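Down below is the structure, laid out as structure tokens.
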Amino acid sequence: MGSRLTIRPPTDYVLARDVCSYGYFLLEPNEWNPEARRFSRVLSVDRSPVLLTIDQPSESPGGALRARCDRTLTRAQQGDVRRAIARMLHLDGAGSAEAVAEFHRVDPRFAESGRGRLFRSPTFFEDLVKTVTSCNVAWPSTINMNRRLCEVIEPGFPRPAQLARRRPGTLRARCRVGYRDVRLVELAKLAGRRDSVLHPSNEAWLTATDVSDDDVLAALLALPGVGPYAAANLMQLLGRYAHLPVDTETHRHARAVLGYEGDAKRLTRLVHDHYESFGAHRFRSYWFELWAFYESKRGPAETWEKRTTGASFTASALR
DNA sequence: GGTAGACCTGGACGC
DNA sequence: GCGTCCAGGTCTACC
């Protein structure tokens, strides 16, 4: 039979728009079904896999979300699933209706579409692995690495303890993560240590409003495999939007959309200057501009098929 | 503080 | 079908 949950999202929440808002919705184990307009993935609940599906029957903003699990869960387990859903769909904090409205006051260009919420993973650790596997590779390689991690280690995405036990050589040979192998195992080991920022009990510190961006950024930069791009991207995944993860996509955007010219160093400086006026919302203004460009080329993200459009929407494929 | 080169994979290209 | 080249962000060594 399985468990069924009803989720009351923020009043402006639209499942199709707000799930299909960041590339990670296309990475395993996530699955968006464009026809059924339904999100699904395997979650790890008490170390056992649970297939979760979420839809929004009314499709109107703020309409109740219907979540179904393929097995019956205890009340405590249902609480875990609710927390995982809230994190993925960004139902509170920077994803609250008030926070999104504040973004629209600063950047009214996205008020009509309602864009402002970014999809993410059920755990910060999964976001971290997805970010590290997106560095120094084209998007199709990121897709492959995440697919293989789910095939080889754990269908609901490897938990830190599982990854920490693996030999780097196994990750390299079977998951094709290349030189990232040692770094991923180190990150997984850190996630098991209570004194590390990666320990789940410390996510509250990473997102606390009384902890400065500078302190969080410094803690992220100290992690193996995390440089300026990855750290800035992790900041946005924590709901801290004042930093820009500048990569080659950013440089393409600077040339093609913003009309800037010059080498990478100059483009980086111009991009930072360009988004300066958006203050604490810089990333959202940048990202939804970039996302609108992809959608202008490939159609609405909610129509993208994971294995076709979803694998070829980035700049390298659009050149 | 700035820069060059190595790291690894997969796709594009030429033969 | 095979070999070569290149793109991509992080890290280390060196100036």
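Identifiers in the structure tokens: chain A, B, ... in order shown; residue index from 1 per chain; ligand index from 1 in order shown.
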ask   = Got a sec: who's within 10 Å of DA7 of chain C, counting only C-alpha atoms (C1' of nucleotides), leaving out chain neighbours fewer than 5 positions off, as a list in words?
value =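 The residues that qualify are Asn136, Val137, Ala138, Thr248 and Ser316 of chain A; DG11 of chain B.
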inquiry  = Within 10 Å of chain A, which residues belong to chain B? Use only C-alpha atoms (C1' of nucleotides) and report them as a ChimeraX atom specification.
reply    = /B:7-11
How would the residues just chosen look if you wrote them out with N, CA, C and O atoms (P, O5', C5', C4', C3', O3' and C1' of nucleotides) as a PDB file, in the first residue's frame?
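Final file, again-v2.pdb:
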ATOM      1  P    DC B   7      49.839  13.867 -14.190  1.00  0.00           P
ATOM      2  O5'  DC B   7      48.307  13.861 -13.742  1.00  0.00           O
ATOM      3  C5'  DC B   7      47.978  14.060 -12.369  1.00  0.00           C
ATOM      4  C4'  DC B   7      46.508  14.351 -12.243  1.00  0.00           C
ATOM      5  C3'  DC B   7      45.617  13.412 -13.060  1.00  0.00           C
ATOM      6  O3'  DC B   7      45.043  12.439 -12.189  1.00  0.00           O
ATOM      7  C1'  DC B   7      44.864  15.709 -13.096  1.00  0.00           C
ATOM      8  P    DC B   8      44.951  10.908 -12.732  1.00  0.00           P
ATOM      9  O5'  DC B   8      43.628  10.944 -13.633  1.00  0.00           O
ATOM     10  C5'  DC B   8      42.360  10.930 -12.993  1.00  0.00           C
ATOM     11  C4'  DC B   8      41.282  11.155 -14.022  1.00  0.00           C
ATOM     12  C3'  DC B   8      41.213  10.121 -15.138  1.00  0.00           C
ATOM     13  O3'  DC B   8      40.050   9.340 -14.891  1.00  0.00           O
ATOM     14  C1'  DC B   8      40.859  12.354 -15.935  1.00  0.00           C
ATOM     15  P    DT B   9      39.551   8.179 -15.841  1.00  0.00           P
ATOM     16  O5'  DT B   9      38.450   8.908 -16.728  1.00  0.00           O
ATOM     17  C5'  DT B   9      37.351   9.531 -16.082  1.00  0.00           C
ATOM     18  C4'  DT B   9      36.542  10.306 -17.103  1.00  0.00           C
ATOM     19  C3'  DT B   9      36.125   9.469 -18.310  1.00  0.00           C
ATOM     20  O3'  DT B   9      34.713   9.387 -18.308  1.00  0.00           O
ATOM     21  C1'  DT B   9      37.037  11.597 -18.966  1.00  0.00           C
ATOM     22  P    DG B  10      33.954   8.399 -19.317  1.00  0.00           P
ATOM     23  O5'  DG B  10      33.590   9.382 -20.519  1.00  0.00           O
ATOM     24  C5'  DG B  10      32.873  10.569 -20.234  1.00  0.00           C
ATOM     25  C4'  DG B  10      32.829  11.438 -21.474  1.00  0.00           C
ATOM     26  C3'  DG B  10      32.447  10.695 -22.761  1.00  0.00           C
ATOM     27  O3'  DG B  10      31.671  11.573 -23.544  1.00  0.00           O
ATOM     28  C1'  DG B  10      34.517  11.738 -23.066  1.00  0.00           C
ATOM     29  P    DG B  11      30.587  10.986 -24.562  1.00  0.00           P
ATOM     30  O5'  DG B  11      30.571  12.125 -25.675  1.00  0.00           O
ATOM     31  C5'  DG B  11      30.594  13.479 -25.262  1.00  0.00           C
ATOM     32  C4'  DG B  11      31.371  14.305 -26.261  1.00  0.00           C
ATOM     33  C3'  DG B  11      31.090  13.958 -27.730  1.00  0.00           C
ATOM     34  O3'  DG B  11      30.837  15.155 -28.434  1.00  0.00           O
ATOM     35  C1'  DG B  11      33.419  13.925 -27.323  1.00  0.00           C
TER      36       DG B  11
END
request  = Would you mind telling me which residue in A:Thr250, A:Trp139, A:His274, A:Met235 lies nearest to chain C when using only C-alpha atoms (C1' of nucleotides)?
outcome  =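 Result for the nearest residue to chain C: A:Trp139.
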task = For chain A, work out the contacting residues on chain C at 8 Å, counting only C-alpha atoms (C1' of nucleotides), and write them as a ChimeraX atom specification.
result = /C:7-10
Would you export the selected residues with N, CA, C and O atoms (P, O5', C5', C4', C3', O3' and C1' of nucleotides) as a JSON list (two decimals), in the first residue's frame, please?
[["chain", "number", "residue", "atom", "x", "y", "z"],
["C", 7, "DA", "P", 40.02, 23.99, -26.00],
["C", 7, "DA", "O5'", 38.76, 23.74, -25.06],
["C", 7, "DA", "C5'", 37.56, 23.22, -25.62],
["C", 7, "DA", "C4'", 36.67, 22.72, -24.50],
["C", 7, "DA", "C3'", 36.66, 23.60, -23.25],
["C", 7, "DA", "O3'", 35.33, 23.70, -22.79],
["C", 7, "DA", "C1'", 37.38, 21.41, -22.68],
["C", 8, "DG", "P", 34.91, 24.95, -21.91],
["C", 8, "DG", "O5'", 35.01, 24.43, -20.42],
["C", 8, "DG", "C5'", 34.04, 23.54, -19.90],
["C", 8, "DG", "C4'", 34.60, 22.84, -18.69],
["C", 8, "DG", "C3'", 35.29, 23.76, -17.66],
["C", 8, "DG", "O3'", 34.38, 24.10, -16.62],
["C", 8, "DG", "C1'", 36.41, 21.66, -17.95],
["C", 9, "DG", "P", 34.78, 25.47, -15.72],
["C", 9, "DG", "O5'", 35.42, 24.91, -14.36],
["C", 9, "DG", "C5'", 34.57, 24.34, -13.40],
["C", 9, "DG", "C4'", 35.36, 23.82, -12.23],
["C", 9, "DG", "C3'", 35.97, 24.88, -11.32],
["C", 9, "DG", "O3'", 35.82, 24.41, -9.98],
["C", 9, "DG", "C1'", 37.70, 23.52, -12.21],
["C", 10, "DT", "P", 36.53, 25.06, -8.70],
["C", 10, "DT", "O5'", 37.78, 24.11, -8.46],
["C", 10, "DT", "C5'", 37.56, 22.74, -8.16],
["C", 10, "DT", "C4'", 38.86, 22.05, -7.79],
["C", 10, "DT", "C3'", 39.66, 22.72, -6.67],
["C", 10, "DT", "O3'", 40.00, 21.69, -5.74],
["C", 10, "DT", "C1'", 41.04, 22.37, -8.56]]
request  = Would you mind listing what lies within 9 Å of Val271 of chain A as a VMD selection string, with only C-alpha atoms (C1' of nucleotides) counted and same-chain residues fewer than 4 positions away left out?
outcome  = chain A and resid 244 246 250 to 251 254 258 260 266 to 267 275 to 276
Could the residues in this selection be written to a file with N, CA, C and O atoms, as a compact mmCIF listing (two decimals), in the first residue's frame?
# COMPACT_ATOMS: atom_id res chain seq x y z
N LEU A 244 28.68 34.48 -6.80
CA LEU A 244 28.48 33.94 -8.15
C LEU A 244 29.48 32.83 -8.44
O LEU A 244 30.68 33.06 -8.39
N VAL A 246 31.39 31.36 -10.87
CA VAL A 246 31.78 31.72 -12.24
C VAL A 246 32.50 30.54 -12.89
O VAL A 246 33.51 30.06 -12.38
N THR A 250 29.33 30.85 -17.41
CA THR A 250 29.21 32.27 -17.08
C THR A 250 29.87 33.12 -18.17
O THR A 250 29.33 34.15 -18.57
N HIS A 251 31.03 32.67 -18.60
CA HIS A 251 31.75 33.44 -19.63
C HIS A 251 30.98 33.44 -20.95
O HIS A 251 30.92 34.45 -21.65
N ALA A 254 28.22 35.86 -20.51
CA ALA A 254 28.73 37.23 -20.55
C ALA A 254 28.92 37.70 -21.98
O ALA A 254 28.60 38.85 -22.31
N LEU A 258 25.12 39.21 -22.34
CA LEU A 258 25.43 40.53 -21.78
C LEU A 258 26.25 41.39 -22.74
O LEU A 258 26.38 42.59 -22.52
N TYR A 260 29.51 41.29 -23.44
CA TYR A 260 30.87 41.64 -23.02
C TYR A 260 31.90 40.92 -23.89
O TYR A 260 31.62 39.89 -24.49
N ARG A 266 38.89 39.15 -17.56
CA ARG A 266 38.12 40.39 -17.74
C ARG A 266 36.61 40.10 -17.66
O ARG A 266 35.86 40.83 -17.01
N LEU A 267 36.19 38.99 -18.28
CA LEU A 267 34.76 38.64 -18.25
C LEU A 267 34.30 38.39 -16.82
O LEU A 267 33.21 38.81 -16.43
N TYR A 275 26.32 42.18 -11.77
CA TYR A 275 25.29 41.70 -10.84
C TYR A 275 25.39 42.32 -9.45
O TYR A 275 24.59 41.99 -8.56
N GLU A 276 26.35 43.23 -9.30
CA GLU A 276 26.59 43.85 -8.00
C GLU A 276 25.32 44.47 -7.40
O GLU A 276 25.04 44.32 -6.20
task = Pick out each residue of segment 18-185 of chain A that DSSP on the backbone tags as helix (DSSP H, G or I); I need them as a ChimeraX atom specification.
result = /A:18-19,23-26,75-89,93-95,97-106,108-110,124-132,139-152,160-165,168-175,180-185
query = Counting only C-alpha atoms (C1' of nucleotides), what is within 10 Å of Phe293 of chain A, bar same-chain residues fewer than 5 positions away, as a ChimeraX atom specification?
reply = /A:253,256-257,287-288,298-299,313-315
request  = Tell me which of A:Leu5, A:Ala242, A:Val42, A:Leu190 sits closest to Ala222 of chain A, counting only C-alpha atoms.
outcome  =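 Of A:Leu5, A:Ala242, A:Val42, A:Leu190, the one nearest Ala222 of chain A, counting only C-alpha atoms, is A:Leu190.
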request  = Compile the contact shell of Gly156 of chain A as a list in words: residues with an atom at most 10 Å away, counting only C-alpha atoms (C1' of nucleotides), same-chain residues fewer than 2 positions apart removed.
outcome  =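 The filter keeps Glu28, Pro29, Asn30, Arg41, Val42, Leu43, Ser44, Val45, Arg47, Ser48, Pro49, Val50, Leu51, Leu149, Cys150, Glu151, Ile153, Glu154, Pro158 and Arg159 of chain A.
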Dump of N, CA and C atoms for the selected residues, as a PDB file, in the first residue's frame:
ATOM      1  N   GLU A  28      20.658  11.689 -11.685  1.00  0.00           N
ATOM      2  CA  GLU A  28      20.205  10.551 -10.869  1.00  0.00           C
ATOM      3  C   GLU A  28      20.429  10.843  -9.395  1.00  0.00           C
ATOM      4  N   PRO A  29      19.545  10.366  -8.551  1.00  0.00           N
ATOM      5  CA  PRO A  29      18.388   9.511  -8.853  1.00  0.00           C
ATOM      6  C   PRO A  29      17.115  10.299  -9.138  1.00  0.00           C
ATOM      7  N   ASN A  30      17.251  11.601  -9.408  1.00  0.00           N
ATOM      8  CA  ASN A  30      16.053  12.416  -9.645  1.00  0.00           C
ATOM      9  C   ASN A  30      15.428  12.099 -11.005  1.00  0.00           C
ATOM     10  N   ARG A  41      11.975   9.925  -7.124  1.00  0.00           N
ATOM     11  CA  ARG A  41      13.345   9.504  -6.865  1.00  0.00           C
ATOM     12  C   ARG A  41      13.327   8.507  -5.713  1.00  0.00           C
ATOM     13  N   VAL A  42      14.429   7.801  -5.588  1.00  0.00           N
ATOM     14  CA  VAL A  42      14.592   6.909  -4.444  1.00  0.00           C
ATOM     15  C   VAL A  42      15.235   7.717  -3.330  1.00  0.00           C
ATOM     16  N   LEU A  43      14.658   7.602  -2.147  1.00  0.00           N
ATOM     17  CA  LEU A  43      15.226   8.223  -0.946  1.00  0.00           C
ATOM     18  C   LEU A  43      15.739   7.121  -0.041  1.00  0.00           C
ATOM     19  N   SER A  44      16.738   7.450   0.745  1.00  0.00           N
ATOM     20  CA  SER A  44      17.208   6.498   1.742  1.00  0.00           C
ATOM     21  C   SER A  44      16.536   6.840   3.075  1.00  0.00           C
ATOM     22  N   VAL A  45      15.693   5.932   3.554  1.00  0.00           N
ATOM     23  CA  VAL A  45      14.985   6.157   4.826  1.00  0.00           C
ATOM     24  C   VAL A  45      15.404   5.058   5.794  1.00  0.00           C
ATOM     25  N   ARG A  47      18.239   3.936   6.134  1.00  0.00           N
ATOM     26  CA  ARG A  47      19.195   3.131   5.357  1.00  0.00           C
ATOM     27  C   ARG A  47      18.537   2.153   4.391  1.00  0.00           C
ATOM     28  N   SER A  48      17.237   2.298   4.181  1.00  0.00           N
ATOM     29  CA  SER A  48      16.558   1.441   3.197  1.00  0.00           C
ATOM     30  C   SER A  48      15.938   2.318   2.118  1.00  0.00           C
ATOM     31  N   PRO A  49      15.949   1.843   0.881  1.00  0.00           N
ATOM     32  CA  PRO A  49      15.404   2.655  -0.210  1.00  0.00           C
ATOM     33  C   PRO A  49      13.883   2.751  -0.186  1.00  0.00           C
ATOM     34  N   VAL A  50      13.399   3.950  -0.457  1.00  0.00           N
ATOM     35  CA  VAL A  50      11.960   4.194  -0.593  1.00  0.00           C
ATOM     36  C   VAL A  50      11.754   4.983  -1.877  1.00  0.00           C
ATOM     37  N   LEU A  51      10.884   4.484  -2.734  1.00  0.00           N
ATOM     38  CA  LEU A  51      10.577   5.228  -3.954  1.00  0.00           C
ATOM     39  C   LEU A  51       9.526   6.277  -3.635  1.00  0.00           C
ATOM     40  N   LEU A 149      27.222   6.320  -9.817  1.00  0.00           N
ATOM     41  CA  LEU A 149      27.252   6.277  -8.348  1.00  0.00           C
ATOM     42  C   LEU A 149      25.988   5.600  -7.817  1.00  0.00           C
ATOM     43  N   CYS A 150      24.853   5.891  -8.470  1.00  0.00           N
ATOM     44  CA  CYS A 150      23.586   5.296  -8.027  1.00  0.00           C
ATOM     45  C   CYS A 150      23.476   3.834  -8.452  1.00  0.00           C
ATOM     46  N   GLU A 151      24.106   3.477  -9.572  1.00  0.00           N
ATOM     47  CA  GLU A 151      24.053   2.081 -10.033  1.00  0.00           C
ATOM     48  C   GLU A 151      24.997   1.186  -9.233  1.00  0.00           C
ATOM     49  N   ILE A 153      26.706   1.932  -6.197  1.00  0.00           N
ATOM     50  CA  ILE A 153      26.768   1.972  -4.727  1.00  0.00           C
ATOM     51  C   ILE A 153      25.398   1.915  -4.065  1.00  0.00           C
ATOM     52  N   GLU A 154      24.497   2.800  -4.459  1.00  0.00           N
ATOM     53  CA  GLU A 154      23.208   2.886  -3.742  1.00  0.00           C
ATOM     54  C   GLU A 154      22.206   3.602  -4.636  1.00  0.00           C
ATOM     55  N   PRO A 158      24.462   7.469  -2.946  1.00  0.00           N
ATOM     56  CA  PRO A 158      25.329   6.960  -1.869  1.00  0.00           C
ATOM     57  C   PRO A 158      25.274   7.834  -0.624  1.00  0.00           C
ATOM     58  N   ARG A 159      25.141   7.165   0.517  1.00  0.00           N
ATOM     59  CA  ARG A 159      25.247   7.884   1.786  1.00  0.00           C
ATOM     60  C   ARG A 159      26.718   8.013   2.140  1.00  0.00           C
TER      61      ARG A 159
END
key: Contacts of DG5 of chain B at 12 Å (only C-alpha atoms (C1' of nucleotides); same-chain gap of 4+ positions) as a PyMOL selection string   = chain C and resi 11-14
Save the residues we just selected, N, CA and C atoms (P, O5', C5', C4', C3', O3' and C1' of nucleotides), as a compact mmCIF listing (two decimals), in the first residue's frame?
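The file below, again-v4.txt, is the result:
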# COMPACT_ATOMS: atom_id res chain seq x y z
P DC C 11 40.74 22.01 -4.33
O5' DC C 11 42.27 21.69 -4.64
C5' DC C 11 42.62 20.38 -5.06
C4' DC C 11 44.08 20.36 -5.45
C3' DC C 11 45.01 21.05 -4.44
O3' DC C 11 45.98 20.10 -4.02
C1' DC C 11 45.48 21.76 -6.65
P DT C 12 46.96 20.39 -2.78
O5' DT C 12 48.37 20.55 -3.47
C5' DT C 12 48.76 19.61 -4.47
C4' DT C 12 49.95 20.15 -5.23
C3' DT C 12 51.00 20.83 -4.35
O3' DT C 12 52.24 20.20 -4.58
C1' DT C 12 50.42 22.19 -6.22
P DA C 13 53.55 20.59 -3.71
O5' DA C 13 54.46 21.28 -4.83
C5' DA C 13 54.51 20.71 -6.14
C4' DA C 13 55.19 21.67 -7.08
C3' DA C 13 56.41 22.38 -6.48
O3' DA C 13 57.44 22.41 -7.44
C1' DA C 13 54.83 24.00 -7.19
P DC C 14 58.92 22.87 -7.02
O5' DC C 14 59.01 24.32 -7.69
C5' DC C 14 58.63 24.50 -9.06
C4' DC C 14 58.35 25.97 -9.32
C3' DC C 14 59.43 26.93 -8.76
O3' DC C 14 60.11 27.55 -9.84
C1' DC C 14 57.22 27.74 -8.42
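A straight line drawn from atom CA of Glu98 of chain A to atom CA of Val197 of chain A is 28.2 Å long.
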task = Can you pull out every residue within 10 Å of Pro300 of chain A, counting only C-alpha atoms (C1' of nucleotides), but drop anything in the same chain fewer than 4 positions away, and send it as a ChimeraX atom specification?
result = /A:16-17,20-21,291-292,294-296,304
Taking N, CA and C atoms for each residue, export the selection above as a compact mmCIF listing (two decimals), in the first residue's frame.
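To be explicit, this is the file written out as selection_29.txt:
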# COMPACT_ATOMS: atom_id res chain seq x y z
N ALA A 16 6.04 22.05 -11.17
CA ALA A 16 6.76 21.90 -12.44
C ALA A 16 7.81 22.99 -12.61
N ARG A 17 7.44 24.22 -12.29
CA ARG A 17 8.38 25.34 -12.44
C ARG A 17 9.52 25.26 -11.43
N CYS A 20 11.93 22.09 -11.92
CA CYS A 20 12.75 22.20 -13.14
C CYS A 20 13.41 23.58 -13.20
N SER A 21 14.18 23.89 -12.18
CA SER A 21 14.75 25.22 -12.04
C SER A 21 16.27 25.20 -11.91
N TRP A 291 19.05 30.53 -17.12
CA TRP A 291 18.03 29.50 -17.31
C TRP A 291 17.08 29.92 -18.43
N ALA A 292 16.75 31.22 -18.47
CA ALA A 292 15.86 31.72 -19.52
C ALA A 292 16.52 31.56 -20.89
N TYR A 294 18.67 29.14 -21.71
CA TYR A 294 18.55 27.72 -22.05
C TYR A 294 17.14 27.42 -22.55
N GLU A 295 16.15 27.97 -21.86
CA GLU A 295 14.75 27.69 -22.24
C GLU A 295 14.40 28.33 -23.58
N SER A 296 15.06 29.45 -23.91
CA SER A 296 14.81 30.08 -25.21
C SER A 296 15.33 29.20 -26.34
N TRP A 304 11.66 19.13 -20.80
CA TRP A 304 12.90 18.46 -21.21
C TRP A 304 12.88 16.99 -20.86
task = Quick one: pull the distance between atom C1' of DC15 of chain C and atom C1' of DG2 of chain B, Å, one decimal.
result =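 Distance between the two atoms: 8.9 Å.
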task = Using atom CA of Thr268 of chain A and atom CA of Pro245 of chain A as the two end points, give the distance in Å to one decimal.
result = 10.1 Å
